[in-house]
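Novice: Sharing query.txt here; it has compact mmCIF, C-alpha atoms and all ligand atoms.
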# COMPACT_ATOMS: atom_id res chain seq x y z
CA MET A 30 28.66 -37.03 -20.63
CA LEU A 31 30.63 -33.81 -20.21
CA GLU A 32 32.22 -34.12 -23.64
CA GLN A 33 29.07 -32.68 -25.20
CA ILE A 34 29.58 -29.27 -23.56
CA VAL A 35 32.84 -28.47 -25.36
CA LYS A 36 31.56 -27.25 -28.72
CA PRO A 37 28.54 -25.22 -27.58
CA LEU A 38 30.54 -23.70 -24.72
CA LEU A 39 33.36 -22.53 -27.00
CA ALA A 40 30.89 -21.21 -29.57
CA TRP A 41 29.13 -19.26 -26.83
CA TYR A 42 32.43 -17.91 -25.51
CA ASP A 43 33.46 -16.76 -28.97
CA GLY A 44 30.34 -14.63 -29.13
CA HIS A 45 29.97 -13.53 -25.50
CA ALA A 46 33.37 -13.31 -23.82
CA ARG A 47 33.86 -9.96 -22.16
CA ILE A 48 36.71 -7.85 -23.44
CA LEU A 49 39.05 -7.64 -20.46
CA PRO A 50 42.53 -6.13 -20.21
CA TRP A 51 44.16 -9.44 -19.33
CA ARG A 52 42.48 -11.16 -22.26
CA GLU A 53 43.77 -8.70 -24.86
CA ASP A 54 47.36 -9.52 -24.03
CA CYS A 55 47.90 -12.96 -22.49
CA ARG A 56 51.52 -12.80 -21.44
CA PRO A 57 52.02 -15.08 -18.44
CA TYR A 58 52.88 -12.20 -16.09
CA ARG A 59 49.61 -10.42 -16.87
CA VAL A 60 47.56 -13.60 -16.61
CA TRP A 61 49.15 -14.33 -13.24
CA VAL A 62 48.53 -10.84 -11.83
CA SER A 63 44.90 -10.87 -12.99
CA GLU A 64 44.20 -14.37 -11.70
CA ILE A 65 45.55 -13.57 -8.23
CA MET A 66 43.48 -10.38 -8.09
CA LEU A 67 40.38 -12.19 -9.37
CA GLN A 68 40.58 -14.74 -6.57
CA GLN A 69 39.40 -12.12 -4.15
CA THR A 70 37.59 -9.41 -6.10
CA ARG A 71 34.95 -9.01 -8.82
CA VAL A 72 36.02 -8.44 -12.41
CA GLU A 73 34.76 -4.85 -12.56
CA ALA A 74 36.55 -3.91 -9.35
CA VAL A 75 39.77 -5.63 -10.45
CA LYS A 76 40.13 -3.71 -13.74
CA PRO A 77 41.54 -0.42 -12.35
CA PHE A 78 43.77 -2.23 -9.85
CA PHE A 79 45.11 -4.41 -12.64
CA GLU A 80 45.83 -1.50 -14.97
CA ARG A 81 47.61 0.43 -12.25
CA PHE A 82 49.63 -2.58 -11.10
CA VAL A 83 50.93 -3.62 -14.52
CA LYS A 84 51.69 -0.02 -15.40
CA ALA A 85 53.78 0.46 -12.25
CA LEU A 86 55.33 -3.03 -12.41
CA PRO A 87 55.23 -4.13 -16.04
CA ASP A 88 57.18 -7.36 -15.68
CA VAL A 89 58.57 -10.01 -13.35
CA LYS A 90 61.81 -8.09 -12.86
CA ALA A 91 60.05 -4.90 -11.76
CA LEU A 92 57.91 -6.86 -9.31
CA ALA A 93 60.92 -8.74 -7.93
CA GLN A 94 62.70 -5.46 -7.22
CA CYS A 95 59.79 -3.38 -5.90
CA PRO A 96 60.22 -2.02 -2.33
CA GLU A 97 57.67 -3.58 0.03
CA ASP A 98 55.76 -0.41 0.97
CA GLU A 99 55.32 0.46 -2.68
CA LEU A 100 54.10 -3.04 -3.43
CA LEU A 101 51.60 -3.02 -0.58
CA LYS A 102 50.44 0.42 -1.67
CA LEU A 103 49.67 -0.95 -5.14
CA TRP A 104 47.64 -3.72 -3.50
CA GLU A 105 45.89 -1.40 -1.05
CA GLY A 106 42.17 -2.09 -1.01
CA LEU A 107 42.42 -5.58 -2.52
CA GLY A 108 42.99 -7.26 0.85
CA TYR A 109 44.76 -10.60 1.42
CA TYR A 110 48.12 -8.84 1.35
CA ASN A 111 50.08 -12.08 1.73
CA ARG A 112 49.09 -12.87 -1.82
CA VAL A 113 51.11 -9.99 -3.19
CA ARG A 114 54.02 -10.81 -0.90
CA ASN A 115 53.99 -14.36 -2.27
CA MET A 116 53.85 -12.93 -5.77
CA GLN A 117 57.04 -11.05 -5.07
CA LYS A 118 58.66 -14.24 -3.72
CA ALA A 119 57.59 -16.07 -6.86
CA ALA A 120 58.89 -13.24 -9.06
CA ARG A 121 62.28 -13.55 -7.37
CA VAL A 122 62.33 -17.30 -8.02
CA VAL A 123 61.37 -16.71 -11.66
CA MET A 124 64.26 -14.22 -11.94
CA GLU A 125 66.78 -16.51 -10.31
CA GLU A 126 65.78 -19.87 -11.71
CA TYR A 127 64.19 -19.04 -15.05
CA GLY A 128 65.93 -15.84 -16.16
CA GLY A 129 62.76 -13.77 -15.69
CA GLU A 130 60.50 -15.87 -17.96
CA PHE A 131 57.71 -18.00 -16.51
CA PRO A 132 58.28 -21.71 -17.16
CA ALA A 133 55.87 -23.20 -19.70
CA ASP A 134 55.38 -26.19 -17.44
CA TYR A 135 52.49 -26.93 -15.09
CA ASP A 136 54.53 -28.58 -12.31
CA ARG A 137 57.11 -25.81 -12.31
CA LEU A 138 54.38 -23.19 -12.13
CA LEU A 139 52.74 -25.08 -9.28
CA ALA A 140 56.03 -25.13 -7.36
CA LEU A 141 56.19 -21.30 -7.25
CA PRO A 142 55.16 -19.55 -4.00
CA GLY A 143 51.46 -18.66 -3.89
CA ILE A 144 50.58 -20.67 -7.00
CA GLY A 145 48.16 -23.54 -6.41
CA CYS A 146 46.38 -25.86 -8.85
CA TYR A 147 43.92 -23.20 -9.94
CA THR A 148 46.49 -20.52 -10.72
CA ALA A 149 48.94 -22.96 -12.32
CA GLY A 150 46.10 -24.24 -14.52
CA ALA A 151 45.00 -20.71 -15.43
CA ILE A 152 48.49 -19.45 -16.32
CA GLY A 153 49.40 -22.74 -18.00
CA SER A 154 46.30 -22.88 -20.16
CA ILE A 155 45.74 -19.20 -20.93
CA ALA A 156 49.35 -18.15 -21.50
CA PHE A 157 50.87 -21.40 -22.77
CA GLY A 158 47.98 -23.52 -24.05
CA ILE A 159 48.73 -26.33 -21.58
CA ARG A 160 45.77 -28.71 -21.21
CA MET A 161 45.28 -28.42 -17.48
CA PRO A 162 42.07 -27.34 -15.72
CA ALA A 163 41.47 -24.08 -13.82
CA VAL A 164 38.55 -24.88 -11.55
CA ASP A 165 37.43 -21.98 -9.36
CA GLY A 166 34.16 -21.39 -7.52
CA ASN A 167 32.42 -20.40 -10.75
CA VAL A 168 33.39 -23.65 -12.43
CA LEU A 169 32.42 -25.75 -9.40
CA ARG A 170 28.95 -24.19 -9.52
CA VAL A 171 28.56 -24.83 -13.27
CA LEU A 172 29.69 -28.46 -12.95
CA SER A 173 27.57 -29.20 -9.86
CA ARG A 174 24.53 -27.95 -11.72
CA LEU A 175 25.34 -29.72 -14.98
CA LYS A 176 25.56 -33.02 -13.09
CA ALA A 177 22.90 -32.20 -10.47
CA SER A 178 25.55 -33.13 -7.92
CA TYR A 179 24.85 -32.69 -4.20
CA GLU A 180 28.49 -33.17 -3.28
CA ASP A 181 29.98 -30.50 -1.04
CA ILE A 182 32.16 -28.30 -3.25
CA CYS A 183 34.19 -27.16 -0.25
CA ARG A 184 35.72 -30.64 0.02
CA GLN A 185 39.09 -31.06 -1.64
CA SER A 186 38.19 -34.55 -2.87
CA VAL A 187 35.15 -33.17 -4.72
CA LYS A 188 37.23 -30.42 -6.26
CA THR A 189 39.93 -32.85 -7.36
CA ALA A 190 37.36 -35.15 -8.95
CA MET A 191 35.87 -32.21 -10.88
CA GLU A 192 39.35 -31.14 -12.02
CA GLN A 193 39.98 -34.63 -13.35
CA GLU A 194 36.69 -34.62 -15.25
CA VAL A 195 37.43 -31.26 -16.81
CA GLN A 196 40.95 -32.24 -17.74
CA LYS A 197 39.65 -35.09 -19.89
CA ILE A 198 37.61 -32.79 -22.10
CA ILE A 199 39.94 -29.78 -22.54
CA PRO A 200 40.26 -29.36 -26.31
CA ALA A 201 43.74 -29.22 -27.82
CA GLY A 202 44.57 -25.74 -29.10
CA ARG A 203 41.92 -23.99 -26.99
CA ALA A 204 42.77 -24.89 -23.42
CA GLY A 205 42.81 -21.28 -22.20
CA ASP A 206 39.58 -20.34 -23.96
CA PHE A 207 37.87 -23.45 -22.67
CA ASN A 208 38.85 -22.80 -19.04
CA GLN A 209 37.90 -19.14 -19.32
CA ALA A 210 34.61 -20.08 -20.98
CA LEU A 211 33.66 -22.24 -18.00
CA ILE A 212 34.63 -19.44 -15.60
CA GLU A 213 32.80 -16.86 -17.71
CA LEU A 214 29.64 -18.95 -17.87
CA GLY A 215 29.66 -19.21 -14.08
CA ALA A 216 30.34 -15.49 -13.73
CA ILE A 217 27.66 -14.12 -16.06
CA VAL A 218 25.06 -16.84 -16.75
CA CYS A 219 25.18 -19.68 -14.23
CA VAL A 220 25.22 -17.24 -11.33
CA PRO A 221 24.23 -17.87 -7.69
CA ASN A 222 21.49 -16.40 -5.46
CA GLY A 223 18.39 -17.03 -7.55
CA LYS A 224 19.64 -15.11 -10.57
CA ALA A 225 20.72 -17.92 -12.92
CA ARG A 226 19.94 -17.00 -16.55
CA CYS A 227 19.15 -20.47 -17.86
CA GLN A 228 17.32 -19.09 -20.93
CA GLU A 229 20.66 -17.74 -22.17
CA CYS A 230 22.75 -20.77 -21.26
CA PRO A 231 24.43 -22.69 -24.09
CA LEU A 232 24.51 -25.77 -21.85
CA ALA A 233 20.84 -25.73 -20.80
CA PHE A 234 20.19 -28.60 -23.22
CA CYS A 235 22.19 -31.02 -21.06
CA CYS A 236 21.92 -29.45 -17.60
CA GLN A 237 20.63 -31.97 -15.05
CA ALA A 238 19.88 -29.32 -12.43
CA LYS A 239 17.70 -27.44 -14.90
CA ALA A 240 15.89 -30.65 -15.93
CA LYS A 241 15.20 -31.51 -12.28
CA GLY A 242 14.42 -27.98 -11.08
CA LEU A 243 17.42 -27.94 -8.74
CA THR A 244 19.32 -24.96 -10.08
CA GLU A 245 18.81 -22.81 -7.01
CA GLU A 246 19.51 -25.62 -4.60
CA LEU A 247 22.94 -26.34 -6.06
CA PRO A 248 25.82 -26.27 -5.47
CA LYS A 249 25.97 -27.55 -1.89
CA LYS A 250 28.53 -25.97 0.41
CA LYS A 251 29.07 -26.77 4.02
CA ALA A 252 28.28 -23.87 6.34
CA LYS A 253 31.31 -21.66 6.99
CA LYS A 254 32.75 -21.33 10.46
CA GLU A 255 31.51 -18.17 12.11
CA ARG A 256 33.85 -15.20 12.13
CA ARG A 257 35.47 -14.16 15.37
CA ILE A 258 34.33 -10.70 16.42
CA GLU A 259 36.92 -8.20 17.67
CA GLU A 260 36.11 -4.82 19.15
CA ARG A 261 38.63 -2.07 18.32
CA THR A 262 38.81 1.59 19.25
CA VAL A 263 40.29 3.60 16.37
CA LEU A 264 41.86 7.01 16.86
CA ILE A 265 42.38 9.96 14.59
CA LEU A 266 45.14 11.75 16.47
CA ARG A 267 45.45 15.16 14.89
CA GLU A 268 48.23 17.59 15.52
CA GLY A 269 47.58 20.65 13.37
CA GLU A 270 47.36 19.32 9.83
CA ARG A 271 49.16 16.10 10.63
CA VAL A 272 47.66 12.77 11.67
CA ALA A 273 49.28 9.84 13.48
CA ILE A 274 49.80 6.46 11.85
CA ARG A 275 51.97 3.47 12.74
CA LYS A 276 53.32 0.33 11.13
CA ARG A 277 51.71 -2.99 12.03
CA PRO A 278 53.88 -5.89 13.21
CA PRO A 279 55.55 -8.05 10.54
CA LYS A 280 53.38 -11.12 11.29
CA GLY A 281 49.65 -11.74 11.56
CA LEU A 282 46.61 -9.89 10.24
CA LEU A 283 47.52 -7.00 7.88
CA ALA A 284 51.20 -7.61 8.59
CA GLY A 285 53.54 -4.76 7.74
CA LEU A 286 50.82 -2.35 6.64
CA TYR A 287 50.26 1.06 8.21
CA GLU A 288 47.25 1.84 10.34
CA LEU A 289 45.49 4.44 12.38
CA PRO A 290 46.36 3.86 16.03
CA ASN A 291 43.79 1.55 17.57
CA LEU A 292 43.22 -0.19 20.86
CA ASP A 293 41.63 -3.41 21.97
CA GLY A 294 38.00 -3.19 23.15
CA VAL A 295 35.37 -0.48 23.28
CA LEU A 296 36.99 2.35 25.20
CA GLY A 297 35.37 5.42 26.72
CA GLU A 298 36.73 8.95 26.36
CA GLU A 299 38.68 8.88 29.64
CA GLU A 300 40.37 5.59 28.82
CA VAL A 301 41.35 6.90 25.41
CA LEU A 302 42.76 10.11 26.87
CA ALA A 303 44.77 8.13 29.43
CA GLN A 304 46.27 6.00 26.67
CA VAL A 305 47.08 9.03 24.53
CA ARG A 306 48.89 10.62 27.49
CA GLY A 307 50.67 7.30 28.01
CA TRP A 308 52.12 7.71 24.51
CA GLY A 309 53.66 11.00 25.65
CA LEU A 310 51.12 13.17 23.81
CA SER A 311 49.01 16.04 25.19
CA PRO A 312 45.36 15.83 24.17
CA LEU A 313 43.35 19.05 23.89
CA ARG A 314 39.91 17.82 22.80
CA ILE A 315 38.22 14.49 22.09
CA LEU A 316 35.27 13.86 19.82
CA PRO A 317 33.42 10.54 19.42
CA LEU A 318 33.01 9.37 15.80
CA ALA A 319 30.46 7.04 14.21
CA GLY A 320 31.03 3.29 14.66
CA ALA A 321 32.10 1.15 11.71
CA LYS A 322 32.72 -2.46 10.86
CA HIS A 323 35.02 -4.35 8.56
CA ILE A 324 34.79 -7.98 7.54
CA PHE A 325 37.95 -10.01 6.93
CA SER A 326 37.84 -13.68 5.96
CA HIS A 327 38.07 -14.98 9.54
CA VAL A 328 37.55 -11.93 11.73
CA GLU A 329 35.13 -9.07 11.91
CA TRP A 330 36.22 -5.76 13.41
CA ARG A 331 33.57 -3.69 15.16
CA MET A 332 35.07 -0.27 15.53
CA THR A 333 34.43 2.68 17.81
CA GLY A 334 36.20 5.88 16.81
CA TYR A 335 37.46 9.10 18.37
CA ALA A 336 39.11 12.17 16.93
CA VAL A 337 41.61 13.62 19.38
CA SER A 338 43.30 16.96 18.78
CA LEU A 339 46.74 17.31 20.30
CA GLU A 340 49.02 20.04 21.46
CA GLU A 341 51.82 20.51 18.95
CA THR A 342 55.09 18.76 19.78
CA GLU A 343 58.53 18.88 18.26
CA ASP A 344 58.94 15.10 18.26
CA MET A 345 57.96 13.25 15.14
CA GLU A 346 57.67 9.83 16.76
CA HIS A 347 56.01 8.55 19.96
CA ASP A 348 55.98 4.85 20.75
CA GLY A 349 55.96 3.86 17.09
CA LEU A 350 53.34 6.48 16.19
CA PHE A 351 54.44 9.07 13.67
CA PHE A 352 52.71 12.12 12.29
CA ILE A 353 52.30 12.64 8.60
CA GLU A 354 50.38 14.89 6.23
CA PRO A 355 47.24 13.09 5.03
CA LYS A 356 48.22 13.51 1.36
CA GLU A 357 51.51 11.77 2.08
CA THR A 358 49.55 8.82 3.43
CA GLU A 359 47.40 8.66 0.36
CA GLU A 360 50.45 8.59 -1.89
CA ARG A 361 52.94 6.59 0.08
CA TYR A 362 51.76 4.55 3.05
CA PRO A 363 49.63 1.45 2.46
CA ILE A 364 46.70 1.57 4.87
CA PRO A 365 44.19 -1.28 4.72
CA ALA A 366 40.61 -0.57 3.68
CA ALA A 367 39.50 -1.70 7.15
CA PHE A 368 40.16 1.91 8.16
CA ALA A 369 38.28 3.42 5.22
CA ALA A 370 35.41 4.66 7.39
CA TYR A 371 37.87 6.76 9.41
CA ALA A 372 40.12 7.81 6.54
CA GLY A 373 37.37 10.25 5.53
CA TYR A 374 38.13 12.24 8.68
CA MET A 375 41.65 12.70 7.37
CA ASP A 376 40.36 13.74 3.94
CA ILE A 377 41.88 10.73 2.27
CA VAL A 378 40.32 7.87 0.37
CA LEU A 379 41.36 4.23 0.80
CA GLY A 380 40.71 0.94 -0.91
CA GLN A 381 38.40 0.38 -3.84
CA GLU A 382 36.72 3.72 -3.34
CA ARG A 383 39.90 5.31 -4.64
CA TYR A 384 38.71 4.26 -8.08
CA GLU A 385 35.09 5.28 -7.81
CA GLU A 386 33.76 8.65 -8.95
CA ARG A 387 34.36 11.32 -6.37
N1 LIG B 1 37.74 -15.01 -12.83
C1 LIG B 1 38.84 -15.75 -12.63
N2 LIG B 1 39.60 -15.81 -13.73
C2 LIG B 1 38.97 -15.08 -14.66
C3 LIG B 1 39.26 -14.75 -16.01
N3 LIG B 1 40.37 -15.17 -16.59
N4 LIG B 1 38.37 -13.98 -16.65
C4 LIG B 1 37.27 -13.55 -16.03
N5 LIG B 1 36.94 -13.83 -14.79
C5 LIG B 1 37.79 -14.58 -14.11
Take the structure from the file and write it as structure tokens.
Ligand code: ADE

Specialist:
Amino acid sequence: MLEQIVKPLLAWYDGHARILPWREDCRPYRVWVSEIMLQQTRVEAVKPFFERFVKALPDVKALAQCPEDELLKLWEGLGYYNRVRNMQKAARVVMEEYGGEFPADYDRLLALPGIGCYTAGAIGSIAFGIRMPAVDGNVLRVLSRLKASYEDICRQSVKTAMEQEVQKIIPAGRAGDFNQALIELGAIVCVPNGKARCQECPLAFCCQAKAKGLTEELPKKKAKKERRIEERTVLILREGERVAIRKRPPKGLLAGLYELPNLDGVLGEEEVLAQVRGWGLSPLRILPLAGAKHIFSHVEWRMTGYAVSLEETEDMEHDGLFFIEPKETEERYPIPAAFAAYAGYMDIVLGQERYEER
């Protein structure tokens, strides 16, 4: 039944595919970088991150050798920082085992750190023409609708079955285009949230969901587990022009990144001042700041903020806190976008907003 989608889908893709930087030049390294970024962020938002990343680190060797802070800085604002750490691990394996060239082999790609079925299929098909599927959330939505399937697309067994169905129809010679066409259709036509553009869809002629009026009901996904809520009190500790930051521990959420000092819970002014004194600092004034929140995949931070001005000290470091010029932070220290609401008080910009018009 699915066989009939191949020709109209490719014809549609030939006429409608967006021109994207990683499509102009499909070397495996570029495909890999783009696919990892696209797993977490929209195409439009990825573009400037992608351009900056491949300019700074143009190949596997450069990535393998990049110092960690620099690497995390290049990823700042994309989130899921373990992904870029795994990319560096994989780059080192590619250097050591394959002389710096990605293997043109699905199983070898799959064996690299951070590369699962989706990414191995995407790199394999787009860069090497290997006939393996690349089924992401977009493709699962398209297929569920085409088949009017009520199966839960969060289940691995459902995903695997869909991958097997797709694999059977991947056309020789156009594996990469075919996979990207399915993704593209899901991204710009067969979209979620009541906005599907069925009038423009090249597969409307055989879509079971459309025939049965189920487009908006599908796909089915089991409800996600609720996020844990954490209260944090975030501090802008200012000493003259300089502001305090510190490095996060090497394991856990936002591991190894830098952050504004922050404390567990919703603290009042007196509690904050006591803590600041406990760090060996001398507060002069304290000012409450607006609250903010940041959503991670499993946790939500609800933040209370204070700006505290400090008496000048000679020491650069107190209990892991160190004082830096805000511009230095912007250029050198990776600070997660979770702190973006407070970065404004330091006159720096973090995360995706770095790329938006100022
Ligand atoms: N989303 C995931 N992979 C993509 C690709 N290659 N092109 C556009 N959007 C994508």

Novice: What does the list of residues within 9 Å of ligand LIG 1 (chain B) look like if you count only C-alpha atoms and all ligand atoms, written as a list of chain:residue names?

Specialist: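 Final answer, ordered by chain and number: A:Ala46, A:Arg47, A:Leu49, A:Trp51, A:Arg52, A:Val60, A:Ser63, A:Glu64, A:Ile65, A:Met66, A:Leu67, A:Gln68, A:Thr70, A:Arg71, A:Val72, A:Thr148, A:Ala151, A:Ile155, A:Ala163, A:Asp165, A:Gly166, A:Asn167, A:Gly205, A:Asn208, A:Gln209, A:Ala210, A:Ile212, A:Glu213, A:Ala216.
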
Novice: Go through A:Glu229, A:Pro248, A:Pro37, A:Ala238 and flag the residue nearest Tyr179 in chain A, using only C-alpha atoms for the distances.

Specialist: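 Checking each of A:Glu229, A:Pro248, A:Pro37, A:Ala238 against Tyr179 in chain A, counting only C-alpha atoms, the winner is A:Pro248.
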
Novice: Within 10 Å of (30.6, -28.5, -13.0) (file coordinates; all atoms listed in the file), which protein or nucleic acid residues are there? I'd like them as a list in words.

Specialist: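 The requested residues, written out, are Leu31, Val164, Gly166, Asn167, Val168, Leu169, Arg170, Val171, Leu172, Ser173, Arg174, Leu175, Lys176, Ala177, Ser178, Ile182, Lys188, Met191, Glu192, Glu194, Val195, Leu211, Gly215, Cys236 and Pro248 of chain A.
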
Novice: Skip range 132-136 of chain A itself and residues of its chain fewer than 4 positions away, then list as an MDAnalysis selection string all residues within 12 Å of it, counting only C-alpha atoms.

Specialist: chainID A and resid 56:58 119:120 122:124 126:128 140:141 144:163

Novice: What is the CA of Tyr374 in chain A-CA of Tyr287 in chain A distance in Å, reported with one decimal?

Specialist: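 Computing the Euclidean distance for CA of Tyr374 in chain A and CA of Tyr287 in chain A yields 16.5 Å.
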
Novice: Report as a list in words all protein, DNA and RNA residues lying within 8 Å of Leu350 in chain A, evaluated on all atoms listed in the file, omitting residues in the same chain fewer than 2 positions from it.

Specialist: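 Selected residues are Ala273, Ile274, Arg275, Lys276, Pro290, Glu346, His347, Asp348 and Phe352 of chain A.
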
Novice: Between A:Glu245, A:Glu99, A:Lys253, A:Pro317, which is the closest to Glu359 in chain A once you count all atoms listed in the file?

Specialist: A:Glu99

Novice: So that I can check the surroundings of range 233-235 of chain A, please list as a PDB file with C-alpha atoms, in the frame of the given file every protein, DNA and RNA residue that reaches within 9 Å of it, counting only C-alpha atoms and ignoring chain neighbours fewer than 2 positions away.

Specialist:
ATOM      1  CA  MET A  30      28.660 -37.030 -20.630  1.00  0.00           C
ATOM      2  CA  LEU A  31      30.630 -33.810 -20.210  1.00  0.00           C
ATOM      3  CA  GLN A  33      29.070 -32.680 -25.200  1.00  0.00           C
ATOM      4  CA  ILE A  34      29.580 -29.270 -23.560  1.00  0.00           C
ATOM      5  CA  LEU A 175      25.340 -29.720 -14.980  1.00  0.00           C
ATOM      6  CA  LYS A 176      25.560 -33.020 -13.090  1.00  0.00           C
ATOM      7  CA  CYS A 227      19.150 -20.470 -17.860  1.00  0.00           C
ATOM      8  CA  GLN A 228      17.320 -19.090 -20.930  1.00  0.00           C
ATOM      9  CA  GLU A 229      20.660 -17.740 -22.170  1.00  0.00           C
ATOM     10  CA  CYS A 230      22.750 -20.770 -21.260  1.00  0.00           C
ATOM     11  CA  PRO A 231      24.430 -22.690 -24.090  1.00  0.00           C
ATOM     12  CA  GLN A 237      20.630 -31.970 -15.050  1.00  0.00           C
ATOM     13  CA  LYS A 239      17.700 -27.440 -14.900  1.00  0.00           C
ATOM     14  CA  ALA A 240      15.890 -30.650 -15.930  1.00  0.00           C
TER      15      ALA A 240
END

Novice: Which residues are near Lys36 in chain A? Cut-off 10 Å, all atoms listed in the file, ignore same chain within fewer than 6 positions. Put them as a CSV table (one decimal) with C-alpha atoms, in the frame of the given file.

Specialist:
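The result, written out as out.csv:
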chain,number,residue,atom,x,y,z
A,42,TYR,CA,32.4,-17.9,-25.5
A,200,PRO,CA,40.3,-29.4,-26.3
A,207,PHE,CA,37.9,-23.4,-22.7
A,231,PRO,CA,24.4,-22.7,-24.1
A,232,LEU,CA,24.5,-25.8,-21.8

Novice: List as a PyMOL selection string the residues having at least one atom at most 10 Å from position (42.2, 11.7, 20.1) as given in the file, counting all atoms listed in the file.

Specialist: chain A and resi 263-268+273+290+298+301-302+304-305+310-317+334-339

Novice: So which one's closest to Ile364 in chain A, A:Ala201, A:Ala190, A:Leu283, A:Ile258? Using all atoms listed in the file, please.

Specialist: A:Leu283
